Structures are given as structure tokens and as C-alpha cells.
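Undergrad: If it helps, the file is called work.txt and holds compact mmCIF, C-alpha atoms and all ligand atoms:
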```txt
# COMPACT_ATOMS: atom_id res chain seq x y z
CA MET X 1 0.00 0.00 0.00
CA SER X 2 1.43 3.38 -0.98
CA ILE X 3 -0.11 6.67 0.07
CA ARG X 4 0.86 9.86 -1.69
CA VAL X 5 1.62 13.05 0.22
CA ASP X 6 0.45 15.26 -2.58
CA LEU X 7 2.51 18.38 -2.09
CA GLN X 8 2.76 20.77 -4.99
CA ASP X 9 6.55 21.03 -5.09
CA ASN X 10 7.79 17.78 -3.60
CA PRO X 11 5.17 15.02 -3.47
CA TYR X 12 6.24 11.66 -2.06
CA GLU X 13 4.96 8.22 -1.17
CA VAL X 14 4.49 6.57 2.20
CA HIS X 15 4.78 2.78 1.87
CA VAL X 16 2.85 0.77 4.45
CA GLY X 17 2.91 -2.99 4.97
CA ARG X 18 4.88 -6.00 6.06
CA GLY X 19 8.23 -6.24 4.33
CA VAL X 20 7.96 -2.95 2.42
CA ARG X 21 11.52 -2.05 3.47
CA SER X 22 12.77 -4.42 0.75
CA SER X 23 11.79 -1.82 -1.85
CA LEU X 24 14.01 0.82 -0.25
CA ALA X 25 17.16 -0.18 -2.14
CA GLU X 26 15.70 0.26 -5.59
CA ARG X 27 13.55 3.28 -4.72
CA VAL X 28 16.32 5.32 -3.10
CA SER X 29 18.37 5.15 -6.26
CA SER X 30 15.49 6.47 -8.34
CA LEU X 31 14.38 9.08 -5.78
CA VAL X 32 17.87 10.49 -5.35
CA PRO X 33 19.47 9.63 -8.69
CA ARG X 34 22.68 11.64 -8.18
CA ALA X 35 23.48 10.09 -4.80
CA LYS X 36 26.77 8.26 -4.59
CA LEU X 37 26.57 7.58 -0.85
CA ALA X 38 23.79 6.73 1.59
CA VAL X 39 24.14 7.32 5.31
CA ILE X 40 21.76 5.55 7.67
CA ILE X 41 21.19 7.43 10.93
CA THR X 42 19.89 5.08 13.61
CA THR X 43 20.61 3.92 17.17
CA PRO X 44 22.71 0.98 18.42
CA MET X 45 19.64 -0.84 19.79
CA LEU X 46 17.69 -0.50 16.53
CA ARG X 47 20.70 -1.56 14.49
CA ALA X 48 20.70 -4.85 16.41
CA GLN X 49 17.09 -5.71 15.54
CA PRO X 50 16.33 -8.63 13.17
CA TRP X 51 14.62 -6.37 10.61
CA PHE X 52 17.69 -4.13 10.28
CA ASP X 53 18.75 -5.68 6.96
CA PHE X 54 19.03 -2.74 4.57
CA ALA X 55 21.09 -3.44 1.47
CA LEU X 56 21.03 -0.31 -0.63
CA ALA X 57 22.33 -0.15 -4.15
CA LEU X 58 24.80 2.53 -3.04
CA PRO X 59 27.85 2.47 -0.78
CA THR X 60 26.22 2.81 2.64
CA HIS X 61 27.49 3.95 6.03
CA VAL X 62 25.66 3.63 9.32
CA ILE X 63 26.10 6.30 11.96
CA GLU X 64 24.66 5.95 15.43
CA ALA X 65 22.77 8.43 17.54
CA PRO X 66 21.79 8.00 21.18
CA GLU X 67 18.52 6.19 21.85
CA GLY X 68 15.20 7.99 21.45
CA GLU X 69 14.71 11.46 22.92
CA SER X 70 18.21 11.51 24.45
CA GLY X 71 19.63 11.91 20.93
CA LYS X 72 17.43 14.84 19.95
CA ASN X 73 19.76 17.71 20.77
CA LEU X 74 22.16 20.13 19.09
CA ALA X 75 25.24 18.34 20.46
CA THR X 76 24.21 15.19 18.58
CA VAL X 77 23.44 17.24 15.46
CA GLU X 78 26.94 18.68 15.54
CA ARG X 79 28.56 15.27 16.01
CA LEU X 80 26.50 13.70 13.20
CA CYS X 81 27.32 16.58 10.83
CA ASP X 82 31.02 16.13 11.67
CA GLU X 83 30.69 12.43 10.83
CA LEU X 84 28.97 13.26 7.53
CA THR X 85 31.83 15.62 6.67
CA ALA X 86 34.42 12.98 7.55
CA LEU X 87 32.63 10.50 5.26
CA GLY X 88 32.70 13.04 2.42
CA VAL X 89 28.91 13.22 2.12
CA SER X 90 27.98 15.71 -0.61
CA ARG X 91 24.78 17.64 -1.21
CA HIS X 92 23.72 15.02 -3.79
CA ASP X 93 23.86 12.17 -1.28
CA VAL X 94 21.09 10.82 0.89
CA ILE X 95 20.39 10.29 4.57
CA VAL X 96 18.18 7.41 5.66
CA GLY X 97 16.59 7.94 9.07
CA VAL X 98 15.77 4.59 10.69
CA GLY X 99 13.95 4.68 14.00
CA GLY X 100 11.11 6.03 16.08
CA GLY X 101 9.92 9.61 15.88
CA ALA X 102 12.83 10.94 17.90
CA THR X 103 15.38 9.43 15.53
CA THR X 104 13.61 10.45 12.33
CA ASP X 105 13.16 13.99 13.74
CA LEU X 106 16.90 14.09 14.41
CA ALA X 107 17.87 12.57 11.03
CA GLY X 108 15.45 14.93 9.28
CA PHE X 109 16.91 17.96 11.03
CA VAL X 110 20.48 16.90 10.22
CA ALA X 111 19.41 16.48 6.58
CA ALA X 112 17.75 19.92 6.68
CA VAL X 113 20.84 21.75 7.88
CA TYR X 114 23.84 19.76 6.61
CA LEU X 115 25.15 21.64 3.54
CA ARG X 116 21.93 23.72 3.78
CA GLY X 117 19.85 20.65 3.10
CA ILE X 118 20.31 17.23 1.53
CA ALA X 119 17.84 14.48 0.65
CA VAL X 120 16.37 12.29 3.37
CA VAL X 121 14.11 9.24 3.43
CA HIS X 122 12.70 7.68 6.57
CA VAL X 123 12.13 4.15 7.74
CA ALA X 124 9.77 4.72 10.67
CA THR X 125 9.98 1.91 13.20
CA SER X 126 7.49 2.89 15.94
CA VAL X 127 3.74 3.34 15.68
CA ALA X 128 4.07 7.04 16.53
CA GLY X 129 6.82 7.40 13.95
CA GLN X 130 4.82 5.67 11.22
CA VAL X 131 1.51 7.43 11.68
CA ASP X 132 2.84 10.83 12.63
CA ALA X 133 6.47 11.88 13.04
CA ALA X 134 8.05 10.62 9.81
CA ILE X 135 5.40 12.21 7.59
CA GLY X 136 5.01 15.91 6.93
CA GLY X 137 8.50 17.33 6.98
CA LYS X 138 8.58 18.78 10.49
CA THR X 139 12.04 18.15 11.88
CA ALA X 140 13.40 19.32 15.21
CA VAL X 141 15.63 18.81 18.20
CA ASP X 142 15.09 19.74 21.84
CA LEU X 143 16.64 22.47 23.98
CA VAL X 144 16.98 22.36 27.76
CA GLY X 145 14.06 24.80 27.83
CA GLY X 146 11.67 22.55 25.93
CA LYS X 147 10.98 19.98 23.22
CA ASN X 148 11.27 20.65 19.48
CA LEU X 149 12.38 24.26 19.94
CA VAL X 150 14.94 24.21 17.13
CA GLY X 151 13.74 22.82 13.84
CA ALA X 152 12.99 23.20 10.17
CA PHE X 153 10.50 22.05 7.58
CA HIS X 154 12.27 19.52 5.38
CA GLN X 155 10.15 17.00 3.52
CA PRO X 156 11.47 13.47 3.04
CA ARG X 157 11.64 11.97 -0.47
CA GLY X 158 9.81 8.88 0.78
CA VAL X 159 8.72 7.13 3.96
CA TRP X 160 8.65 3.41 4.69
CA CYS X 161 6.31 2.11 7.40
CA ASP X 162 7.27 -1.54 7.59
CA LEU X 163 5.01 -3.36 10.04
CA ASP X 164 7.75 -5.97 10.62
CA THR X 165 9.67 -3.35 12.58
CA LEU X 166 6.78 -2.94 15.03
CA ASP X 167 7.20 -6.57 16.15
CA THR X 168 10.19 -5.62 18.30
CA LEU X 169 8.52 -2.67 20.06
CA SER X 170 7.78 -3.08 23.75
CA THR X 171 4.10 -3.55 24.55
CA ARG X 172 4.00 -0.18 26.26
CA GLU X 173 5.51 1.68 23.27
CA ARG X 174 3.15 -0.09 20.87
CA ILE X 175 0.07 0.80 22.93
CA ALA X 176 1.28 4.37 23.49
CA GLY X 177 1.67 4.79 19.72
CA MET X 178 -1.96 3.84 19.37
CA GLY X 179 -2.85 7.13 21.10
CA GLU X 180 -2.29 8.89 17.78
CA VAL X 181 -4.19 6.17 15.93
CA ALA X 182 -7.13 6.63 18.32
CA LYS X 183 -7.01 10.36 17.63
CA CYS X 184 -7.11 9.75 13.86
CA TRP X 185 -9.98 7.27 14.24
CA LEU X 186 -11.99 9.96 16.03
CA LEU X 187 -10.98 12.74 13.62
CA GLU X 188 -12.11 10.53 10.74
CA GLY X 189 -15.44 9.93 12.47
CA ARG X 190 -14.98 6.17 12.30
CA SER X 191 -17.38 3.91 14.14
CA VAL X 192 -16.58 2.14 17.41
CA SER X 193 -18.18 -1.01 16.01
CA ASP X 194 -15.52 -1.28 13.26
CA LEU X 195 -12.57 -1.28 15.66
CA ALA X 196 -12.56 -5.01 16.38
CA THR X 197 -12.40 -6.01 12.72
CA THR X 198 -9.66 -3.55 11.73
CA THR X 199 -6.13 -4.92 11.27
CA LEU X 200 -2.93 -3.19 12.41
CA GLU X 201 -2.12 -2.47 8.76
CA GLU X 202 -5.51 -0.85 8.27
CA PHE X 203 -5.10 1.27 11.40
CA VAL X 204 -1.68 2.49 10.28
CA THR X 205 -2.92 3.10 6.73
CA MET X 206 -5.95 5.06 7.96
CA ALA X 207 -3.78 7.30 10.14
CA VAL X 208 -1.09 7.76 7.47
CA ALA X 209 -3.75 8.67 4.90
CA LEU X 210 -5.22 11.31 7.22
CA LYS X 211 -1.84 12.81 8.00
CA ALA X 212 -0.86 12.77 4.32
CA ARG X 213 -4.07 14.53 3.34
CA VAL X 214 -3.80 17.22 6.00
CA VAL X 215 -0.11 17.87 5.30
CA ALA X 216 -0.86 18.23 1.58
CA GLU X 217 -3.57 20.78 2.43
CA ASP X 218 -1.42 22.79 4.83
CA GLU X 219 2.28 22.01 4.43
CA PHE X 220 3.59 24.85 6.60
CA GLU X 221 0.77 25.00 9.15
CA THR X 222 -0.50 28.31 7.86
CA SER X 223 -4.16 27.64 7.07
CA GLY X 224 -5.03 25.97 10.37
CA ARG X 225 -5.90 22.62 8.73
CA ARG X 226 -2.79 20.93 10.09
CA ALA X 227 -3.53 22.20 13.59
CA LEU X 228 -6.60 19.92 13.64
CA LEU X 229 -4.20 17.02 14.16
CA ASN X 230 -3.67 18.52 17.61
CA TYR X 231 -6.98 17.12 18.87
CA GLY X 232 -6.35 15.99 22.45
CA HIS X 233 -2.97 17.69 22.51
CA THR X 234 -3.62 20.87 24.53
CA PHE X 235 -4.48 18.80 27.59
CA ALA X 236 -1.93 16.10 26.64
CA HIS X 237 0.98 18.53 26.48
CA ALA X 238 0.03 20.04 29.83
CA VAL X 239 -0.14 16.75 31.71
CA GLU X 240 2.97 15.47 29.92
CA LEU X 241 4.93 18.48 31.11
CA LEU X 242 3.60 18.28 34.65
CA THR X 243 4.36 14.56 34.78
CA LEU X 244 7.85 15.01 33.39
CA SER X 245 8.94 17.05 36.39
CA ARG X 246 7.86 14.23 38.74
CA ASP X 247 8.78 11.07 36.81
CA PRO X 248 9.91 11.16 33.15
CA ASP X 249 8.76 7.56 32.68
CA ALA X 250 5.25 7.94 34.08
CA LEU X 251 3.48 9.06 30.89
CA ARG X 252 4.32 8.41 27.24
CA HIS X 253 3.17 11.00 24.68
CA GLY X 254 0.53 8.68 23.21
CA GLU X 255 -0.80 7.89 26.67
CA ALA X 256 -1.10 11.60 27.35
CA VAL X 257 -2.93 12.02 24.01
CA ALA X 258 -5.42 9.35 25.09
CA LEU X 259 -6.11 11.30 28.28
CA GLY X 260 -6.34 14.47 26.21
CA LEU X 261 -8.94 12.91 23.90
CA ARG X 262 -11.08 11.92 26.88
CA PHE X 263 -10.69 15.34 28.49
CA GLU X 264 -11.30 17.39 25.37
CA ALA X 265 -14.37 15.32 24.41
CA ARG X 266 -15.80 16.17 27.84
CA LEU X 267 -14.93 19.82 27.34
CA ALA X 268 -16.68 19.81 23.95
CA HIS X 269 -19.72 18.25 25.60
CA ARG X 270 -19.74 20.88 28.36
CA LEU X 271 -19.58 23.60 25.70
CA GLY X 272 -22.62 22.08 24.00
CA ARG X 273 -20.71 21.01 20.90
CA ILE X 274 -21.29 17.24 21.12
CA ASP X 275 -23.69 14.97 23.00
CA ALA X 276 -22.90 12.45 25.73
CA THR X 277 -22.90 9.49 23.33
CA GLU X 278 -19.88 10.96 21.55
CA VAL X 279 -18.03 11.25 24.84
CA ALA X 280 -18.83 7.61 25.55
CA ALA X 281 -17.65 6.64 22.05
CA THR X 282 -14.36 8.48 22.64
CA ASP X 283 -13.86 6.55 25.87
CA GLU X 284 -14.57 3.28 24.04
CA VAL X 285 -12.04 4.03 21.29
CA VAL X 286 -9.35 4.89 23.83
CA ALA X 287 -10.14 1.81 25.93
CA PHE X 288 -10.10 -0.46 22.86
CA PHE X 289 -6.42 0.26 22.32
CA GLY X 290 -5.59 -0.42 25.98
CA LEU X 291 -4.68 3.22 26.55
CA PRO X 292 -4.87 4.68 30.06
CA SER X 293 -7.86 6.47 31.49
CA ARG X 294 -6.18 7.81 34.64
CA LEU X 295 -3.78 10.63 35.18
CA PRO X 296 -0.66 9.48 37.03
CA TRP X 297 -1.33 12.25 39.56
CA ALA X 298 -4.31 14.51 40.24
CA PHE X 299 -2.51 17.72 39.35
CA GLU X 300 -3.70 21.05 40.71
CA ILE X 301 -5.99 22.65 38.15
CA THR X 302 -4.13 25.94 38.51
CA ASP X 303 -0.95 24.19 37.31
CA VAL X 304 -2.77 22.53 34.42
CA LEU X 305 -4.29 25.86 33.36
CA ALA X 306 -0.97 27.66 33.58
CA VAL X 307 0.72 25.15 31.25
CA MET X 308 -2.21 25.05 28.82
CA ALA X 309 -2.18 28.82 28.47
CA ARG X 310 1.49 28.57 27.44
CA ASP X 311 0.72 25.98 24.73
CA LYS X 312 2.32 27.01 21.45
CA LYS X 313 -0.94 27.25 19.53
CA ALA X 314 -2.69 29.15 22.35
CA HIS X 315 -1.13 32.61 22.07
CA HIS X 316 -1.75 33.06 25.79
CA ASN X 317 -5.37 32.05 25.92
CA LEU X 318 -6.97 28.61 26.26
CA THR X 319 -7.19 27.08 22.80
CA PHE X 320 -8.38 23.57 21.94
CA VAL X 321 -9.19 21.56 18.85
CA LEU X 322 -12.71 20.37 19.58
CA PRO X 323 -15.35 18.25 17.86
CA GLY X 324 -18.67 19.85 17.07
CA VAL X 325 -21.74 19.39 14.88
CA GLN X 326 -19.84 20.73 11.88
CA GLY X 327 -16.74 18.66 12.52
CA PHE X 328 -13.51 19.59 14.28
CA SER X 329 -12.26 23.13 14.65
CA THR X 330 -9.77 25.16 16.63
CA VAL X 331 -11.59 26.95 19.42
CA ALA X 332 -9.79 29.90 21.01
CA ASP X 333 -10.61 31.82 24.20
CA VAL X 334 -12.25 28.89 25.97
CA SER X 335 -13.37 30.09 29.39
CA ALA X 336 -11.16 28.98 32.27
CA ASP X 337 -14.29 28.24 34.31
CA GLU X 338 -15.43 25.64 31.75
CA VAL X 339 -11.99 24.04 31.76
CA VAL X 340 -11.92 23.97 35.57
CA ALA X 341 -15.37 22.37 35.71
CA THR X 342 -14.39 19.80 33.07
CA TYR X 343 -11.24 18.97 34.97
CA ALA X 344 -13.18 18.45 38.22
CA GLU X 345 -15.54 16.08 36.37
CA PHE X 346 -12.59 14.33 34.69
CA ILE X 347 -10.71 13.75 37.92
CA GLY X 348 -13.86 12.81 39.80
CA GLY X 349 -15.08 10.44 37.13
CA LEU X 350 -11.84 8.61 36.65
CA GLU X 351 -10.44 8.09 40.09
N1 LIG X 401 7.99 15.56 13.30
C1 LIG X 401 6.74 15.43 13.67
O1 LIG X 401 5.81 15.87 13.00
C2 LIG X 401 6.46 14.68 14.94
C3 LIG X 401 5.15 14.28 15.23
C4 LIG X 401 4.93 13.55 16.38
C5 LIG X 401 5.99 13.22 17.21
N2 LIG X 401 7.25 13.64 16.90
C6 LIG X 401 8.38 13.28 17.76
O2 LIG X 401 8.48 11.86 17.78
C7 LIG X 401 9.01 11.47 19.04
C8 LIG X 401 8.10 10.40 19.60
O3 LIG X 401 8.11 9.30 18.74
P1 LIG X 401 8.30 7.81 19.30
O4 LIG X 401 7.22 7.52 20.26
O5 LIG X 401 8.51 6.92 18.14
O6 LIG X 401 9.61 7.98 20.19
P2 LIG X 401 11.06 7.35 20.12
O7 LIG X 401 11.69 7.54 18.82
O8 LIG X 401 11.77 7.86 21.33
O9 LIG X 401 10.78 5.79 20.30
C9 LIG X 401 10.28 5.29 21.51
C10 LIG X 401 11.16 4.13 21.99
O10 LIG X 401 10.94 3.00 21.16
C11 LIG X 401 12.17 2.52 20.66
N3 LIG X 401 11.92 1.93 19.36
C12 LIG X 401 11.58 2.58 18.21
N4 LIG X 401 11.35 1.68 17.26
C13 LIG X 401 11.56 0.46 17.80
C14 LIG X 401 11.45 -0.87 17.30
N5 LIG X 401 11.05 -1.12 16.06
N6 LIG X 401 11.78 -1.89 18.11
C15 LIG X 401 12.14 -1.66 19.40
N7 LIG X 401 12.23 -0.43 19.93
C16 LIG X 401 11.93 0.60 19.14
C17 LIG X 401 13.08 3.74 20.65
O11 LIG X 401 14.43 3.36 20.68
C18 LIG X 401 12.65 4.45 21.93
O12 LIG X 401 13.29 3.91 23.04
C19 LIG X 401 9.12 12.71 19.89
O13 LIG X 401 10.44 13.17 19.88
C20 LIG X 401 8.21 13.70 19.18
O14 LIG X 401 8.60 15.04 19.40
C21 LIG X 401 7.49 14.34 15.79
```
Output the file's structure as C-alpha cells, nothing else.
Ligand SMILES: NC(=O)c1ccc[n+]([C@@H]2O[C@H](COP(=O)([O-])OP(=O)(O)OC[C@H]3O[C@@H](n4cnc5c(N)ncnc54)[C@H](O)[C@@H]3O)[C@@H](O)[C@H]2O)c1
TA:
Amino acid sequence: MSIRVDLQDNPYEVHVGRGVRSSLAERVSSLVPRAKLAVIITTPMLRAQPWFDFALALPTHVIEAPEGESGKNLATVERLCDELTALGVSRHDVIVGVGGGATTDLAGFVAAVYLRGIAVVHVATSVAGQVDAAIGGKTAVDLVGGKNLVGAFHQPRGVWCDLDTLDTLSTRERIAGMGEVAKCWLLEGRSVSDLATTTLEEFVTMAVALKARVVAEDEFETSGRRALLNYGHTFAHAVELLTLSRDPDALRHGEAVALGLRFEARLAHRLGRIDATEVAATDEVVAFFGLPSRLPWAFEITDVLAVMARDKKAHHNLTFVLPGVQGFSTVADVSADEVVATYAEFIGGLE
């Protein structure tokens, strides 16, 4: 299955399925015809996995970054760029990012800045990477002051979502990745009753197709279409940040998104945008994937509000993507009182 990200200037395909990585060798040569070298950026743990069997038709080097989020920083970018220079990588060559979202974000950013930009393709190996991070050209690394604060738009030439790679994910990472799939299921208005008969490949394909469509409509996040993918994320980012300061391992991003979907559905209901059956359906979708329904801690609402008001899409007021009778939209200036009341219900109902 191949899904096209139909951008005007640089359209590309996302390949989804078991074993699709075998087409990488031939495709890279046609996508980047002048490349004389390929450099795979990955991590030592991923390199040791049984599916790491890439045989490109070009001389290929592998360079290693630290695992996951710990590699997403400017120090790693500098080291990787030094390694690219030492290998003699030219602006016609190609980087292959192999890993979860953190690694493809890093590889994408290195590709965006090395020699002012060289070609990159991604092999996304986590659910979150396949359905979200590797598609759409947003690349970034973290600063001490926050995640993804230094970045660039740099579209890949192609993305491979090989389901074989998901076999080696831990159960927790796999379920957490389903937080974004649950979000896409709800955004697409899909029925709860279809969940049980949908395969992993169909879930990934559905979410990839949605992301591809939205990115093609709003490549640089200027029209607001792409912001709709942030459903659940205002609340998710707040509780993620508050959790991080207590225990960095207590809440994965996708788990926070699941909580955000439940919270924001309740908020939409309180604002009269959806009825109670839609809230119940949201809960069922989240529960189907085995995603959590409880916050790790009952944070003070004043702390939650303070973080939400700092959210990057909020511009200092409370902004949410919410469902409504006419579909999803970005709702600004939500009253703090409504958020406080929703939070009280959310905490009370779930604990
Ligand atoms: N660029 C974007 O548009 C975008 C969108 C969403 C998320 N992101 C970024 O993506 C990251 C989150 O993605 P993630 O959840 O994939 O995180 P991640 O890359 O940190 O992967 C999570 C963990 O799973 C491991 N892993 C990955 N693939 C594996 C496999 N096949 N087998 C065994 N272990 C594997 C990783 O090593 C890591 O320990 C964050 O940095 C986030 O900012 C970017």
C-alpha cells in the first residue's frame, strides 16, 4: 500500500505494509538519482534488531545516535554533521533515518541543515513514527528549555512504514503509539463497532492517509488545517509536562494524548458542541487500544491551566481543537471556568 503526500513542489509516497523495506534499495536510487553515498542514521539498539537488513544499491554507512529522545539535541546534530563531513557526504547524497519519531526527527533535522539541506528518506519503526512523526516534513531537536524548539521544515523523499519493525517494540511503546491512531480514528469519524475487525495495517494506513491529506492541504501549518491534528494535545501537552517534572517515565506521549482525547471530548460536551454518546464513544475508542484512562497524579488545576495557556498554539489564551456538529475546529478563548469544571468532572469520574 502506498499513500501519496500530494505536495505541490515535492510530493512523495508513504509505503505501508509487512516487508515494504525491501523496496528501499531500488527506490532510493530512483528518488535520489545523483546520490553516490547513503548514510543511515539510527541507534545501536535498533541496528541490532532482526529487521535491520538494509542493502542499498549505493555504498552505505551507518552512523549511530543516542537512543530515542536523548539523541534529539544540538550536540548530537553537531557530532553527526562532523561524521557526515568525515565521510565526504555531498549535497547530492542521501540520509536514511531509521527509528522512532525521535530518531527520524533528528535525522530529518540533520538532513535539513547539513550543507543547507540534503535528501532524506525515513524508515519509521514505531507506531508514533509511522503514523505521525516521519510524515510531513517537520524536523526538530530539543533544547533544555523545551521539546522541538529548534527545527525546520524539510520533507522526506519517501517514507517506509514496515510493520515488521513494530514486532520488536515493547508492549508499552506499541500501545502508546496507538494514542495517535485513536485520535485519527476519532478525527475521521470512524465507528466504534468497526474497531474489532480492523487490522494493524488498516489502522496504520488510515492514520497515514489522514496525516498525508492534512499535510498536503497545509504544508507549513499556515491555514489551520494541520492544527486539527492537535486534537487531544492541549491537555496532553500540559499533563505530559507536569508529569515530566515528577517522573519522566510515568506518561508516554501517546498515553497523554489518550487522556487528552477523553478530556477534550468532555470539554466539547460541556460547551454544547457534542452529545454524551460521543463522549462515551471516545472513551470506548481509547479503551479499545488499551490506553490509560487515569492521570498518574491529580494535578492542581491551577498548574494545568498555567501550562495550557502557554501551549504554542494558544497565544496566551486557552485554545483547543474540539469536535462539534460541523466537525472539528480550533476553538480559542475557551473560558477557564469551563476548563476547571471539566477537569473536576474528569478527575472525579476517573479516580
Ligand atoms: N515531526 C513530527 O511531526 C512529529 C510528530 C509527532 C511526534 N514527533 C516526535 O516523535 C518522538 C516520539 O516518537 P516515538 O514515540 O517513536 O519515540 P522514540 O523515537 O523515542 O521511540 C520510543 C522508543 O521506542 C524505541 N523503538 C523505536 N522503534 C523500535 C522498534 N522497532 N523496536 C524496538 N524499539 C523501538 C526507541 O528506541 C525508543 O526507546 C518525539 O520526539 C516527538 O517530538 C514528531
Undergrad: Using only C-alpha atoms and all ligand atoms, which residues of the polymer chains come no farther than 6 Å from ligand LIG 401 (chain X)? I'd like the answer as number ranges by chain.
TA: X: 67-69, 99-103, 105, 125-126, 128-129, 132-133, 138-139, 165-166, 168-169, 173
Undergrad: Rank X:His237, X:Arg27, X:Arg213, X:His61 by their smallest atom-to-atom distance to Arg252 in chain X, using all atoms listed in the file, and report the top residue only.
TA: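 Closest candidate: X:His237.
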Undergrad: Quick one: 5 Å padding each side, axis-aligned, all listed atoms of range 205-216 of chain X - centre and edge lengths in Å to one decimal, as lines of an AutoDock Vina configuration file?
TA:
```
center_x = -3.0
center_y = 10.7
center_z = 5.9
size_x = 15.8
size_y = 25.1
size_z = 18.6
```
Undergrad: Write out as a list in words the residues lying within 10 Å of Val62 in chain X, counting all atoms listed in the file and excluding same-chain residues fewer than 2 positions away.
TA: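 Once the nearby chain positions are removed, what remains is Ala38, Val39, Ile40, Ile41, Thr42, Thr43, Pro44, Arg47, Thr60, Glu64, Ala65, Ile95 and Val96 of chain X.
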Undergrad: Can you tell me which residues surround Ala265 in chain X at a distance of at most 12 Å, considering all atoms listed in the file, apart from same-chain residues fewer than 2 positions away, and format the answer as a PyMOL selection string?
TA: chain X and resi 183+186-187+231-233+235+257-263+267-283+285-286+320-324+328+339+342-343+346
Undergrad: To one decimal place, how far is CA of Asp337 in chain X from CA of Leu241 in chain X in Å?
TA: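 Separating CA of Asp337 in chain X from CA of Leu241 in chain X is a distance of 21.8 Å.
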Undergrad: Report, in Å with one decimal, the straight-line distance from CA of Met178 in chain X to CA of Thr199 in chain X.
TA: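 Pair CA of Met178 in chain X / CA of Thr199 in chain X returns 12.6 Å.
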Undergrad: Which neighbours of Pro11 in chain X fall inside 10 Å, counting only C-alpha atoms, when residues of the same chain fewer than 5 positions from it are skipped, and could you give them as a PDB file with C-alpha atoms, keeping the file's coordinate frame?
TA:
```pdb
ATOM      1  CA  ARG X   4       0.860   9.860  -1.690  1.00  0.00           C
ATOM      2  CA  VAL X   5       1.620  13.050   0.220  1.00  0.00           C
ATOM      3  CA  ASP X   6       0.450  15.260  -2.580  1.00  0.00           C
ATOM      4  CA  GLN X 155      10.150  17.000   3.520  1.00  0.00           C
ATOM      5  CA  PRO X 156      11.470  13.470   3.040  1.00  0.00           C
ATOM      6  CA  ARG X 157      11.640  11.970  -0.470  1.00  0.00           C
ATOM      7  CA  GLY X 158       9.810   8.880   0.780  1.00  0.00           C
ATOM      8  CA  ALA X 216      -0.860  18.230   1.580  1.00  0.00           C
TER       9      ALA X 216
END
```
Undergrad: Taking only C-alpha atoms into account, which of X:Asn73, X:Gln130, X:Asn10, X:Ser335 comes nearest Met206 in chain X?
TA: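 That would be X:Gln130, the residue with the smallest distance to Met206 in chain X.
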Undergrad: Can you find the residues with an atom no farther than 12 Å from (13.1, 10.9, -4.0), counting only C-alpha atoms, and report them as a ChimeraX atom specification?
TA: /X:10-14,24-35,92-96,118-122,155-159
Undergrad: Include C-alpha atoms and write out the residues we just selected as a CSV table (one decimal), in the coordinates of the input.
TA:
```csv
chain,number,residue,atom,x,y,z
X,10,ASN,CA,7.8,17.8,-3.6
X,11,PRO,CA,5.2,15.0,-3.5
X,12,TYR,CA,6.2,11.7,-2.1
X,13,GLU,CA,5.0,8.2,-1.2
X,14,VAL,CA,4.5,6.6,2.2
X,24,LEU,CA,14.0,0.8,-0.2
X,25,ALA,CA,17.2,-0.2,-2.1
X,26,GLU,CA,15.7,0.3,-5.6
X,27,ARG,CA,13.6,3.3,-4.7
X,28,VAL,CA,16.3,5.3,-3.1
X,29,SER,CA,18.4,5.2,-6.3
X,30,SER,CA,15.5,6.5,-8.3
X,31,LEU,CA,14.4,9.1,-5.8
X,32,VAL,CA,17.9,10.5,-5.4
X,33,PRO,CA,19.5,9.6,-8.7
X,34,ARG,CA,22.7,11.6,-8.2
X,35,ALA,CA,23.5,10.1,-4.8
X,92,HIS,CA,23.7,15.0,-3.8
X,93,ASP,CA,23.9,12.2,-1.3
X,94,VAL,CA,21.1,10.8,0.9
X,95,ILE,CA,20.4,10.3,4.6
X,96,VAL,CA,18.2,7.4,5.7
X,118,ILE,CA,20.3,17.2,1.5
X,119,ALA,CA,17.8,14.5,0.6
X,120,VAL,CA,16.4,12.3,3.4
X,121,VAL,CA,14.1,9.2,3.4
X,122,HIS,CA,12.7,7.7,6.6
X,155,GLN,CA,10.2,17.0,3.5
X,156,PRO,CA,11.5,13.5,3.0
X,157,ARG,CA,11.6,12.0,-0.5
X,158,GLY,CA,9.8,8.9,0.8
X,159,VAL,CA,8.7,7.1,4.0
```
Undergrad: Would you work out the distance separating CA of Ala124 in chain X from CA of Val98 in chain X, expressed in Å to one decimal?
TA: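 These two atoms are separated by 6.0 Å.
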Undergrad: Kindly indicate which residue among X:Leu7, X:Leu163, X:Met308, X:Leu87 lies nearest to Glu217 in chain X, using only C-alpha atoms for the distances.
TA: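 Ranking X:Leu7, X:Leu163, X:Met308, X:Leu87 by distance to Glu217 in chain X, first place goes to X:Leu7.
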Undergrad: Between X:Pro292, X:Gly97, X:Gly117, X:Gly151, which residue has the minimum interatomic distance to Ala134 in chain X, considering only C-alpha atoms?
TA: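 So, comparing all the options, the nearest one is X:Gly97.
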Undergrad: Please determine, counting all atoms listed in the file, which residue among X:Ala332, X:Val16, X:Val239, X:Ala309 has the shortest atom-to-atom distance to Asp164 in chain X.
TA: X:Val16
Undergrad: Counting only C-alpha atoms, which residue out of X:Gly179, X:Gly327, X:Gly348, X:Gly146 sits closest to Ala287 in chain X?
TA: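 Distance minimum relative to Ala287 in chain X lands on X:Gly179.
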